[in-house]
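Below is data-v4.cif, holding mmCIF, C-alpha atoms and all ligand atoms.
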```cif
data_entry
#
loop_
_atom_site.label_atom_id
_atom_site.label_comp_id
_atom_site.auth_asym_id
_atom_site.auth_seq_id
_atom_site.Cartn_x
_atom_site.Cartn_y
_atom_site.Cartn_z
CA MET D 946 0.00 0.00 0.00
CA SER D 947 1.42 3.41 -0.90
CA THR D 948 1.61 6.11 1.77
CA ILE D 949 2.02 9.90 1.73
CA ASP D 950 5.77 9.54 2.07
CA GLY D 951 6.73 6.15 0.64
CA LEU D 952 7.46 4.80 4.13
CA PRO D 953 5.60 1.64 5.24
CA PRO D 954 2.02 1.92 6.57
CA LEU D 955 1.90 2.46 10.35
CA ARG D 956 0.37 -0.97 11.10
CA GLU D 957 3.42 -2.51 9.44
CA VAL D 958 5.79 -0.19 11.37
CA ILE D 959 4.13 -1.19 14.65
CA ALA D 960 4.37 -4.90 13.80
CA THR D 961 8.00 -4.67 12.60
CA HIS D 962 9.17 -2.84 15.73
CA GLY D 963 6.91 -4.65 18.22
CA LEU D 964 5.22 -1.43 19.39
CA SER D 965 2.31 -2.95 21.28
CA ALA D 966 0.46 -0.05 22.95
CA ARG D 967 1.28 0.50 26.63
CA LYS D 968 -1.54 1.84 28.76
CA ALA D 969 0.81 3.34 31.35
CA LEU D 970 2.22 5.62 28.62
CA GLY D 971 -1.23 6.59 27.34
CA GLN D 972 -0.47 4.98 23.99
CA ASN D 973 -3.45 5.34 21.64
CA PHE D 974 -1.93 5.68 18.20
CA LEU D 975 -3.21 7.47 15.11
CA LEU D 976 -2.58 5.17 12.15
CA ASP D 977 -4.39 7.07 9.39
CA LEU D 978 -1.81 9.26 7.66
CA ASN D 979 -4.52 11.34 5.97
CA LEU D 980 -5.82 12.22 9.42
CA THR D 981 -2.38 13.06 10.79
CA ALA D 982 -1.70 15.25 7.73
CA LYS D 983 -4.99 17.04 8.46
CA ILE D 984 -3.92 17.69 12.07
CA ALA D 985 -0.56 18.94 10.76
CA ARG D 986 -2.35 21.38 8.44
CA ALA D 987 -4.39 22.67 11.40
CA ALA D 988 -1.10 23.67 13.04
CA GLY D 989 -0.59 26.51 10.56
CA ASP D 990 2.26 27.49 8.25
CA LEU D 991 4.72 24.65 8.80
CA ALA D 992 7.07 25.39 5.91
CA GLY D 993 8.38 28.46 7.69
CA SER D 994 8.38 26.94 11.20
CA ASP D 995 10.29 24.71 13.55
CA VAL D 996 7.95 22.23 15.23
CA LEU D 997 8.21 20.72 18.69
CA GLU D 998 6.31 17.44 18.69
CA VAL D 999 5.74 15.79 22.04
CA GLY D 1000 5.04 12.04 22.18
CA PRO D 1001 5.58 11.00 18.52
CA GLY D 1002 5.16 7.26 19.29
CA PRO D 1003 5.48 5.29 16.03
CA GLY D 1004 5.49 8.61 14.14
CA GLY D 1005 2.10 8.99 12.44
CA LEU D 1006 1.77 12.67 13.32
CA THR D 1007 5.51 13.20 12.77
CA ARG D 1008 5.11 11.94 9.22
CA GLY D 1009 2.11 14.24 8.74
CA LEU D 1010 4.14 17.23 9.92
CA LEU D 1011 7.08 16.41 7.64
CA ALA D 1012 4.92 15.57 4.62
CA GLU D 1013 3.12 18.90 5.11
CA GLY D 1014 6.48 20.64 4.85
CA ALA D 1015 7.64 21.43 8.42
CA ARG D 1016 11.03 23.13 8.22
CA ARG D 1017 12.34 21.03 11.11
CA VAL D 1018 10.72 18.76 13.70
CA LEU D 1019 12.16 18.13 17.15
CA ALA D 1020 10.32 15.22 18.77
CA VAL D 1021 10.45 14.21 22.45
CA GLU D 1022 9.41 10.60 23.13
CA LYS D 1023 9.56 8.82 26.48
CA ASP D 1024 9.29 5.26 25.12
CA ALA D 1025 12.69 4.11 23.79
CA ARG D 1026 10.96 1.28 21.87
CA CYS D 1027 9.76 3.93 19.36
CA LEU D 1028 13.28 5.16 18.48
CA PRO D 1029 14.06 2.74 15.60
CA ALA D 1030 10.75 3.57 13.86
CA LEU D 1031 11.45 7.29 14.30
CA ALA D 1032 15.01 6.81 12.96
CA GLU D 1033 13.53 5.43 9.72
CA ILE D 1034 11.45 8.60 9.35
CA ALA D 1035 14.53 10.77 10.04
CA ALA D 1036 16.39 8.91 7.28
CA ALA D 1037 13.55 9.58 4.82
CA TYR D 1038 13.66 13.33 5.63
CA PRO D 1039 17.37 14.10 5.92
CA GLY D 1040 18.24 16.91 8.34
CA ARG D 1041 14.61 17.65 9.23
CA LEU D 1042 13.81 15.33 12.15
CA GLU D 1043 15.63 15.13 15.46
CA VAL D 1044 14.39 12.84 18.25
CA ILE D 1045 15.07 13.19 21.96
CA ASN D 1046 14.38 10.16 24.13
CA GLY D 1047 13.06 11.69 27.34
CA ASP D 1048 10.13 12.78 29.46
CA ALA D 1049 8.59 16.02 28.15
CA LEU D 1050 7.82 17.01 31.73
CA GLU D 1051 11.56 17.02 32.44
CA VAL D 1052 13.22 18.14 29.21
CA ASP D 1053 12.20 21.43 27.61
CA PRO D 1054 13.88 21.84 24.23
CA LEU D 1055 11.79 24.90 23.21
CA ALA D 1056 14.75 27.24 23.58
CA HIS D 1057 16.74 25.21 21.01
CA LEU D 1058 14.29 25.87 18.21
CA MET D 1059 14.31 28.74 15.73
CA PRO D 1060 11.25 30.99 15.75
CA PRO D 1061 8.58 30.79 14.66
CA VAL D 1062 8.02 27.66 16.75
CA ARG D 1063 4.83 25.60 16.62
CA VAL D 1064 4.08 22.94 19.21
CA VAL D 1065 2.08 19.90 18.15
CA ALA D 1066 1.20 16.92 20.34
CA ASN D 1067 -1.04 13.94 20.74
CA LEU D 1068 -0.15 13.13 24.32
CA PRO D 1069 -1.68 11.26 27.25
CA TYR D 1070 -4.29 13.68 28.54
CA ASN D 1071 -2.83 14.27 32.00
CA VAL D 1072 0.60 15.08 30.55
CA GLY D 1073 -1.01 17.30 27.88
CA THR D 1074 -2.89 19.42 30.42
CA GLU D 1075 0.17 19.84 32.62
CA LEU D 1076 2.30 20.92 29.65
CA LEU D 1077 -0.44 23.25 28.39
CA VAL D 1078 -0.49 25.07 31.74
CA ARG D 1079 3.30 25.38 31.65
CA TRP D 1080 3.30 26.67 28.06
CA LEU D 1081 0.60 29.20 28.96
CA THR D 1082 2.52 30.55 31.97
CA PRO D 1083 6.04 31.39 30.74
CA ALA D 1084 8.19 33.91 32.62
CA VAL D 1085 7.74 36.43 29.80
CA TRP D 1086 5.02 37.07 27.24
CA PRO D 1087 4.93 36.64 24.24
CA PRO D 1088 6.22 33.08 24.66
CA VAL D 1089 8.82 31.30 22.52
CA TRP D 1090 6.05 29.45 20.67
CA THR D 1091 3.66 30.92 18.10
CA SER D 1092 0.98 28.24 18.32
CA LEU D 1093 0.01 25.07 20.20
CA THR D 1094 -1.96 22.34 18.44
CA LEU D 1095 -2.86 19.72 21.01
CA MET D 1096 -5.11 16.67 21.30
CA PHE D 1097 -7.24 16.51 24.45
CA GLN D 1098 -10.12 14.59 25.89
CA LYS D 1099 -13.15 16.38 24.39
CA GLU D 1100 -14.32 17.66 27.81
CA VAL D 1101 -10.90 19.25 28.46
CA ALA D 1102 -10.96 20.89 25.02
CA GLU D 1103 -14.38 22.33 25.91
CA ARG D 1104 -12.96 23.75 29.15
CA ILE D 1105 -10.14 25.47 27.22
CA VAL D 1106 -12.48 27.29 24.83
CA ALA D 1107 -15.43 27.79 27.25
CA LYS D 1108 -17.20 31.14 27.56
CA PRO D 1109 -18.54 32.79 30.76
CA GLY D 1110 -21.84 31.43 31.99
CA SER D 1111 -21.13 27.85 30.93
CA LYS D 1112 -20.36 24.94 33.22
CA ALA D 1113 -17.04 24.33 31.48
CA TYR D 1114 -15.84 27.92 32.11
CA GLY D 1115 -13.09 28.11 34.69
CA ARG D 1116 -9.37 28.53 35.32
CA LEU D 1117 -8.28 26.76 32.15
CA ALA D 1118 -10.51 28.95 29.92
CA ILE D 1119 -9.20 32.16 31.49
CA LEU D 1120 -5.59 31.01 31.42
CA ALA D 1121 -5.90 30.06 27.73
CA GLN D 1122 -8.02 32.91 26.43
CA TRP D 1123 -6.41 35.79 28.32
CA ARG D 1124 -3.33 35.66 26.10
CA CYS D 1125 -4.33 33.35 23.22
CA ASP D 1126 -6.95 32.75 20.60
CA ALA D 1127 -8.18 29.23 21.30
CA ARG D 1128 -10.47 27.09 19.16
CA VAL D 1129 -11.40 23.46 18.66
CA VAL D 1130 -10.35 22.55 15.13
CA MET D 1131 -11.28 18.86 15.03
CA THR D 1132 -13.14 16.24 17.05
CA LEU D 1133 -12.24 12.57 16.83
CA PRO D 1134 -14.21 9.47 17.84
CA PRO D 1135 -12.50 6.68 19.81
CA GLU D 1136 -12.22 4.55 16.63
CA ALA D 1137 -9.72 7.04 15.16
CA PHE D 1138 -7.12 5.57 17.55
CA THR D 1139 -5.50 2.16 17.97
CA PRO D 1140 -6.37 0.89 20.51
CA PRO D 1141 -9.54 3.02 20.86
CA PRO D 1142 -9.72 4.94 24.16
CA LYS D 1143 -12.99 5.13 26.14
CA ILE D 1144 -13.45 8.83 25.44
CA HIS D 1145 -13.90 11.20 22.51
CA SER D 1146 -11.01 13.52 21.67
CA ALA D 1147 -10.60 16.99 20.21
CA VAL D 1148 -7.72 18.99 18.78
CA VAL D 1149 -7.35 22.52 20.17
CA HIS D 1150 -5.36 25.15 18.30
CA LEU D 1151 -4.07 28.09 20.34
CA THR D 1152 -2.23 31.06 18.89
CA ALA D 1153 -0.32 33.38 21.18
CA LEU D 1154 -1.46 37.02 21.13
CA PRO D 1155 1.39 39.56 21.03
CA GLU D 1156 0.15 40.89 24.37
CA PRO D 1157 -2.60 39.97 26.85
CA ARG D 1158 -6.14 40.98 25.89
CA PHE D 1159 -6.35 43.13 29.06
CA PRO D 1160 -3.48 44.24 31.30
CA ALA D 1161 -3.07 42.39 34.62
CA ASP D 1162 -0.29 40.92 36.75
CA PRO D 1163 -0.33 37.17 35.96
CA ALA D 1164 0.29 36.14 39.58
CA VAL D 1165 -2.49 38.34 40.99
CA LEU D 1166 -4.92 37.31 38.27
CA GLY D 1167 -3.99 33.66 38.91
CA ARG D 1168 -4.70 34.02 42.65
CA ILE D 1169 -8.09 35.66 42.08
CA VAL D 1170 -9.19 33.13 39.48
CA ALA D 1171 -8.02 30.19 41.62
CA ALA D 1172 -9.86 31.48 44.70
CA GLY D 1173 -13.00 32.31 42.72
CA PHE D 1174 -13.28 28.94 41.02
CA ASN D 1175 -12.11 26.80 43.96
CA GLN D 1176 -15.47 27.65 45.51
CA ARG D 1177 -17.39 28.28 42.33
CA ARG D 1178 -20.84 27.98 43.94
CA LYS D 1179 -20.05 30.78 46.40
CA MET D 1180 -20.58 34.49 45.79
CA LEU D 1181 -17.36 36.31 44.99
CA ARG D 1182 -17.57 38.48 48.13
CA ALA D 1183 -17.17 35.21 50.09
CA SER D 1184 -14.83 33.19 47.85
CA LEU D 1185 -12.39 36.13 47.41
CA LYS D 1186 -12.40 37.20 51.06
CA GLY D 1187 -8.87 35.93 51.64
CA VAL D 1188 -7.45 37.52 48.46
CA ALA D 1189 -7.44 41.17 49.57
CA PRO D 1190 -8.93 43.37 52.31
CA ALA D 1191 -12.22 45.22 51.62
CA ILE D 1192 -12.91 42.88 48.71
CA GLU D 1193 -16.53 44.06 48.29
CA ASP D 1194 -15.34 47.62 47.54
CA LYS D 1195 -12.75 46.32 45.10
CA LEU D 1196 -15.31 44.14 43.31
CA LEU D 1197 -17.61 47.16 42.95
CA ALA D 1198 -14.73 49.32 41.69
CA ALA D 1199 -14.03 46.66 39.04
CA GLY D 1200 -17.67 46.73 37.95
CA ILE D 1201 -18.44 43.31 39.46
CA ALA D 1202 -21.48 42.67 41.66
CA PRO D 1203 -20.14 41.19 44.94
CA THR D 1204 -23.04 38.71 44.87
CA SER D 1205 -22.03 37.26 41.49
CA ARG D 1206 -20.19 33.95 41.06
CA ALA D 1207 -16.88 33.36 39.31
CA GLU D 1208 -18.43 31.55 36.36
CA GLU D 1209 -20.42 34.70 35.42
CA ILE D 1210 -17.37 36.98 35.17
CA ASP D 1211 -15.55 37.52 31.89
CA ILE D 1212 -11.79 37.91 31.51
CA GLU D 1213 -11.98 41.70 31.13
CA HIS D 1214 -13.59 42.07 34.57
CA PHE D 1215 -11.24 39.57 36.24
CA CYS D 1216 -8.33 41.62 34.86
CA ALA D 1217 -9.90 44.89 36.12
CA LEU D 1218 -10.17 43.34 39.58
CA ALA D 1219 -6.57 42.09 39.41
CA ARG D 1220 -5.35 45.63 38.63
CA ILE D 1221 -7.29 47.07 41.56
CA VAL D 1222 -6.05 44.35 43.94
CA ALA D 1223 -2.46 44.81 42.74
CA GLY D 1224 -2.68 48.57 43.17
CA ALA D 1225 -3.84 48.27 46.75
N1 LIG D 1301 1.76 10.94 18.43
C1 LIG D 1301 1.48 9.51 18.31
C2 LIG D 1301 0.22 9.32 17.51
O1 LIG D 1301 -0.50 10.31 17.35
O2 LIG D 1301 -0.07 8.21 17.10
C3 LIG D 1301 1.39 8.83 19.66
C4 LIG D 1301 0.28 9.30 20.54
S1 LIG D 1301 0.10 8.47 22.07
C5 LIG D 1301 -1.49 9.11 22.55
C6 LIG D 1301 1.10 9.35 23.25
C7 LIG D 1301 2.61 9.23 23.05
O3 LIG D 1301 3.25 10.03 24.05
C8 LIG D 1301 3.15 7.84 23.24
O4 LIG D 1301 4.07 7.54 22.21
C9 LIG D 1301 3.86 7.87 24.58
O5 LIG D 1301 4.93 6.96 24.68
C10 LIG D 1301 4.31 9.30 24.63
N2 LIG D 1301 4.49 9.84 26.00
C11 LIG D 1301 3.76 9.58 27.09
N3 LIG D 1301 4.18 10.31 28.14
C12 LIG D 1301 5.21 11.07 27.69
C13 LIG D 1301 6.06 12.03 28.29
N4 LIG D 1301 5.93 12.35 29.57
N5 LIG D 1301 7.03 12.59 27.53
C14 LIG D 1301 7.16 12.27 26.21
N6 LIG D 1301 6.38 11.36 25.60
C15 LIG D 1301 5.42 10.77 26.31
#
```
Let's see the structure in the file written out as structure tokens.
Amino acid sequence: MSTIDGLPPLREVIATHGLSARKALGQNFLLDLNLTAKIARAAGDLAGSDVLEVGPGPGGLTRGLLAEGARRVLAVEKDARCLPALAEIAAAYPGRLEVINGDALEVDPLAHLMPPVRVVANLPYNVGTELLVRWLTPAVWPPVWTSLTLMFQKEVAERIVAKPGSKAYGRLAILAQWRCDARVVMTLPPEAFTPPPKIHSAVVHLTALPEPRFPADPAVLGRIVAAGFNQRRKMLRASLKGVAPAIEDKLLAAGIAPTSRAEEIDIEHFCALARIVAGA
């Protein structure tokens, strides 16, 4: 069977290299190269970008990224069993694929890439969320990366793009949307993966804004949002009591009714409150 790149089909790669999926590593592989090419296209202009791919596994998405013209791909994979399969891809695309065998939570090769940098990953969901939070909270903004294109459990994707007033709206939505455009670009049923997981998945594409939508100190905003949503059923005058003295006055000064709840407040008003709290 011919493939997009002349390399063997992924089922054959998996059989040749004995890559039986390991649950502990969250291994649910994408074997359809048309689908991985589609995800790669959702990541934006690859020809002019370096790409950090996290968790390449047998390399389905890696092949999509390279076939779609990525200037260079740096891939971090924890499972050493995948290295020979990835080496075959590197040989087919000379000088364009480098693989690091390591844990993406411990190695951060972002600084070694040439801007613009795009991050693409189909990772176990817990690792993906932890990395997303790290990528969204760098020491300086704008970050090193231009965009993040990440697979999540559908419910997590909904939390990232949620709007005020919805059940899914919370810390993740504010963290993501304060300094990024975030949208769901694809949803995938369990059968898209081998083996199929129990849940539906979605790809979220985030692009970094040059500056935050509204000015605020990230640490103060983070404290307010955490306190507000930790007790999301409580009125803000109660849930934010420990955040700053005279919180009712500060809420009013920010244009927020002290009786409202965190899930009703948009990012603009949270940022206004953060500025008032920081100024106090
Ligand atoms: N990208 C491949 C695909 O789409 O078919 C594999 C996806 S599979 C859901 C997740 C991959 O992430 C696996 O190859 C797994 O070994 C790898 N992985 C899991 N935890 C990791 C970590 N902490 N750092 C780097 N890779 C990890």
So that each row is one residue of region 1011-1109 of chain D with an atom at most 12 Å from region 1196-1214 of chain D, can you give its shortest atom pair and the distance in Å to one decimal, using all atoms listed in the file, rows by chain and rising number, as JSON lines?
```
{"residue": "D:Arg1104", "atom": "CA", "partner": "D:Glu1208", "partner_atom": "CA", "distance": 11.9}
{"residue": "D:Ala1107", "atom": "CA", "partner": "D:Glu1208", "partner_atom": "CA", "distance": 10.3}
{"residue": "D:Lys1108", "atom": "CA", "partner": "D:Asp1211", "partner_atom": "CA", "distance": 7.9}
{"residue": "D:Pro1109", "atom": "CA", "partner": "D:Glu1209", "partner_atom": "CA", "distance": 5.4}
```
Counting all atoms listed in the file, which residue out of D:Lys968, D:Lys1179, D:Arg1008, D:His962 sits closest to Leu980 (chain D)? D:Arg1008
Go through chain D and flag each residue having an atom no more than 8 Å from ligand LIG 1301 (chain D); for those, report the closest pair of atoms plus their distance in Å to one decimal, using all atoms listed in the file, ordered by chain and rising number, as CSV.
```
residue,atom,partner,partner_atom,distance
D:Arg967,CA,D:LIG1301,O5,7.7
D:Leu970,CA,D:LIG1301,C11,4.5
D:Gly971,CA,D:LIG1301,C5,5.4
D:Gln972,CA,D:LIG1301,S1,4.0
D:Asn973,CA,D:LIG1301,C5,4.3
D:Phe974,CA,D:LIG1301,O2,3.3
D:Leu975,CA,D:LIG1301,O2,3.8
D:Leu976,CA,D:LIG1301,O2,6.3
D:Thr981,CA,D:LIG1301,O1,7.4
D:Glu998,CA,D:LIG1301,N1,7.9
D:Val999,CA,D:LIG1301,C14,5.6
D:Gly1000,CA,D:LIG1301,O3,3.3
D:Pro1001,CA,D:LIG1301,N1,3.8
D:Gly1002,CA,D:LIG1301,O4,3.1
D:Pro1003,CA,D:LIG1301,C1,6.2
D:Gly1004,CA,D:LIG1301,C1,5.9
D:Gly1005,CA,D:LIG1301,O2,5.2
D:Leu1006,CA,D:LIG1301,O1,5.2
D:Thr1007,CA,D:LIG1301,N1,7.2
D:Val1021,CA,D:LIG1301,C14,5.4
D:Glu1022,CA,D:LIG1301,N6,4.0
D:Lys1023,CA,D:LIG1301,N6,4.2
D:Asp1024,CA,D:LIG1301,O5,4.7
D:Cys1027,CA,D:LIG1301,O4,7.3
D:Asn1046,CA,D:LIG1301,C14,7.8
D:Gly1047,CA,D:LIG1301,C14,6.0
D:Asp1048,CA,D:LIG1301,N5,3.7
D:Ala1049,CA,D:LIG1301,N5,3.8
D:Leu1050,CA,D:LIG1301,N4,5.5
D:Glu1051,CA,D:LIG1301,N4,7.9
D:Ala1066,CA,D:LIG1301,N1,6.3
D:Asn1067,CA,D:LIG1301,N1,4.7
D:Leu1068,CA,D:LIG1301,C6,4.1
D:Pro1069,CA,D:LIG1301,C5,5.2
D:Val1072,CA,D:LIG1301,N4,6.1
D:Phe1138,CA,D:LIG1301,O2,7.5
```
Residues within 10 Å of (8.2, 14.5, 7.1), counting only C-alpha atoms, listed as an mmCIF file with C-alpha atoms, keeping the file's coordinate frame:
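Dumped everything to point11.cif:
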```
data_model
loop_
_atom_site.group_PDB
_atom_site.id
_atom_site.type_symbol
_atom_site.label_atom_id
_atom_site.label_comp_id
_atom_site.auth_asym_id
_atom_site.auth_seq_id
_atom_site.Cartn_x
_atom_site.Cartn_y
_atom_site.Cartn_z
ATOM 1 C CA ILE D 949 2.020 9.900 1.730
ATOM 2 C CA ASP D 950 5.770 9.540 2.070
ATOM 3 C CA ALA D 982 -1.700 15.250 7.730
ATOM 4 C CA GLY D 1004 5.490 8.610 14.140
ATOM 5 C CA GLY D 1005 2.100 8.990 12.440
ATOM 6 C CA LEU D 1006 1.770 12.670 13.320
ATOM 7 C CA THR D 1007 5.510 13.200 12.770
ATOM 8 C CA ARG D 1008 5.110 11.940 9.220
ATOM 9 C CA GLY D 1009 2.110 14.240 8.740
ATOM 10 C CA LEU D 1010 4.140 17.230 9.920
ATOM 11 C CA LEU D 1011 7.080 16.410 7.640
ATOM 12 C CA ALA D 1012 4.920 15.570 4.620
ATOM 13 C CA GLU D 1013 3.120 18.900 5.110
ATOM 14 C CA GLY D 1014 6.480 20.640 4.850
ATOM 15 C CA ALA D 1015 7.640 21.430 8.420
ATOM 16 C CA ARG D 1016 11.030 23.130 8.220
ATOM 17 C CA ARG D 1017 12.340 21.030 11.110
ATOM 18 C CA VAL D 1018 10.720 18.760 13.700
ATOM 19 C CA ILE D 1034 11.450 8.600 9.350
ATOM 20 C CA ALA D 1035 14.530 10.770 10.040
ATOM 21 C CA ALA D 1036 16.390 8.910 7.280
ATOM 22 C CA ALA D 1037 13.550 9.580 4.820
ATOM 23 C CA TYR D 1038 13.660 13.330 5.630
ATOM 24 C CA PRO D 1039 17.370 14.100 5.920
ATOM 25 C CA ARG D 1041 14.610 17.650 9.230
ATOM 26 C CA LEU D 1042 13.810 15.330 12.150
#
```
In the coordinate frame of the file, compute which residues have an atom within 12 Å of (-15.0, 17.4, 27.8) when using all atoms listed in the file, and state them as number ranges by chain. D: 1070, 1096-1107, 1112-1114, 1129, 1132, 1144-1149
Record the distance separating CA of Pro1134 (chain D) and CA of Leu997 (chain D), expressed in Å with one decimal. 25.1 Å
Which of D:Val1089, D:Val1222, D:Asp1194, D:Gly1115 sits closest to Gln1176 (chain D) [using only C-alpha atoms]: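 Between D:Val1089, D:Val1222, D:Asp1194, D:Gly1115, the residue approaching Gln1176 (chain D) most closely is D:Gly1115.
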Go ahead and compute the interatomic distance for CA of Ala1121 (chain D) and CA of Arg1168 (chain D), in Å to one decimal. 15.5 Å
Once you add 4 Å to each side, what are the centre and edge lengths of the axis-aligned box holding all listed atoms of region 1067-1072 of chain D? One decimal in Å, as lines of an AutoDock Vina configuration file, if you can.
```
center_x = -1.8
center_y = 13.2
center_z = 26.4
size_x = 12.9
size_y = 11.8
size_z = 19.3
```
Quick one: everything within 6 Å of Ala1161 (chain D), counting all atoms listed in the file, minus sequence neighbours fewer than 6 positions away in the same chain. Send it as a ChimeraX atom specification. /D:1216,1219-1220
Just C-alpha atoms for this one: save the residues we selected as a PDB file, in the coordinates of the input.
```
ATOM      1  CA  CYS D1216      -8.330  41.620  34.860  1.00  0.00           C
ATOM      2  CA  ALA D1219      -6.570  42.090  39.410  1.00  0.00           C
ATOM      3  CA  ARG D1220      -5.350  45.630  38.630  1.00  0.00           C
TER       4      ARG D1220
END
```
Of D:Arg1026, D:Leu1181, D:Arg1158, D:Arg1116, the one nearest to Gly963 (chain D) when counting only C-alpha atoms is D:Arg1026
Between D:Thr961, D:Thr1152, D:Ser1184, D:Ser1111, which residue has the minimum interatomic distance to Leu1095 (chain D), considering all atoms listed in the file?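 Smallest separation from Leu1095 (chain D) among the options: D:Thr1152.
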For CA of Arg1063 (chain D) and CA of Ala987 (chain D), the interatomic separation in Å (one decimal):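 Spanning CA of Arg1063 (chain D) to CA of Ala987 (chain D) is a straight-line distance of 11.0 Å.
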Spatial neighbours of Asp1126 (chain D), max dist 8 Å, only C-alpha atoms, sep filter under 2 positions, as a VMD selection string: chain D and resid 1121 to 1122 1124 1128 1151 to 1154
Kindly indicate which residue among D:Ala1084, D:Leu955, D:Ala1056, D:Val1130 lies nearest to Ala985 (chain D), using only C-alpha atoms for the distances. D:Val1130
Rank D:Pro1190, D:Gly993, D:Pro1088, D:Gly1110 by their smallest atom-to-atom distance to Pro1155 (chain D), using only C-alpha atoms, and report the top residue only.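 Nearest to Pro1155 (chain D): D:Pro1088.
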For Ala988 (chain D), find every residue with an atom within 8 Å (counting only C-alpha atoms), except residues of its own chain fewer than 3 positions away, and show them as a list in words. Ile984, Ala985, Leu991, Arg1063, Val1065, Ser1092, Leu1093, Thr1094 and His1150 of chain D
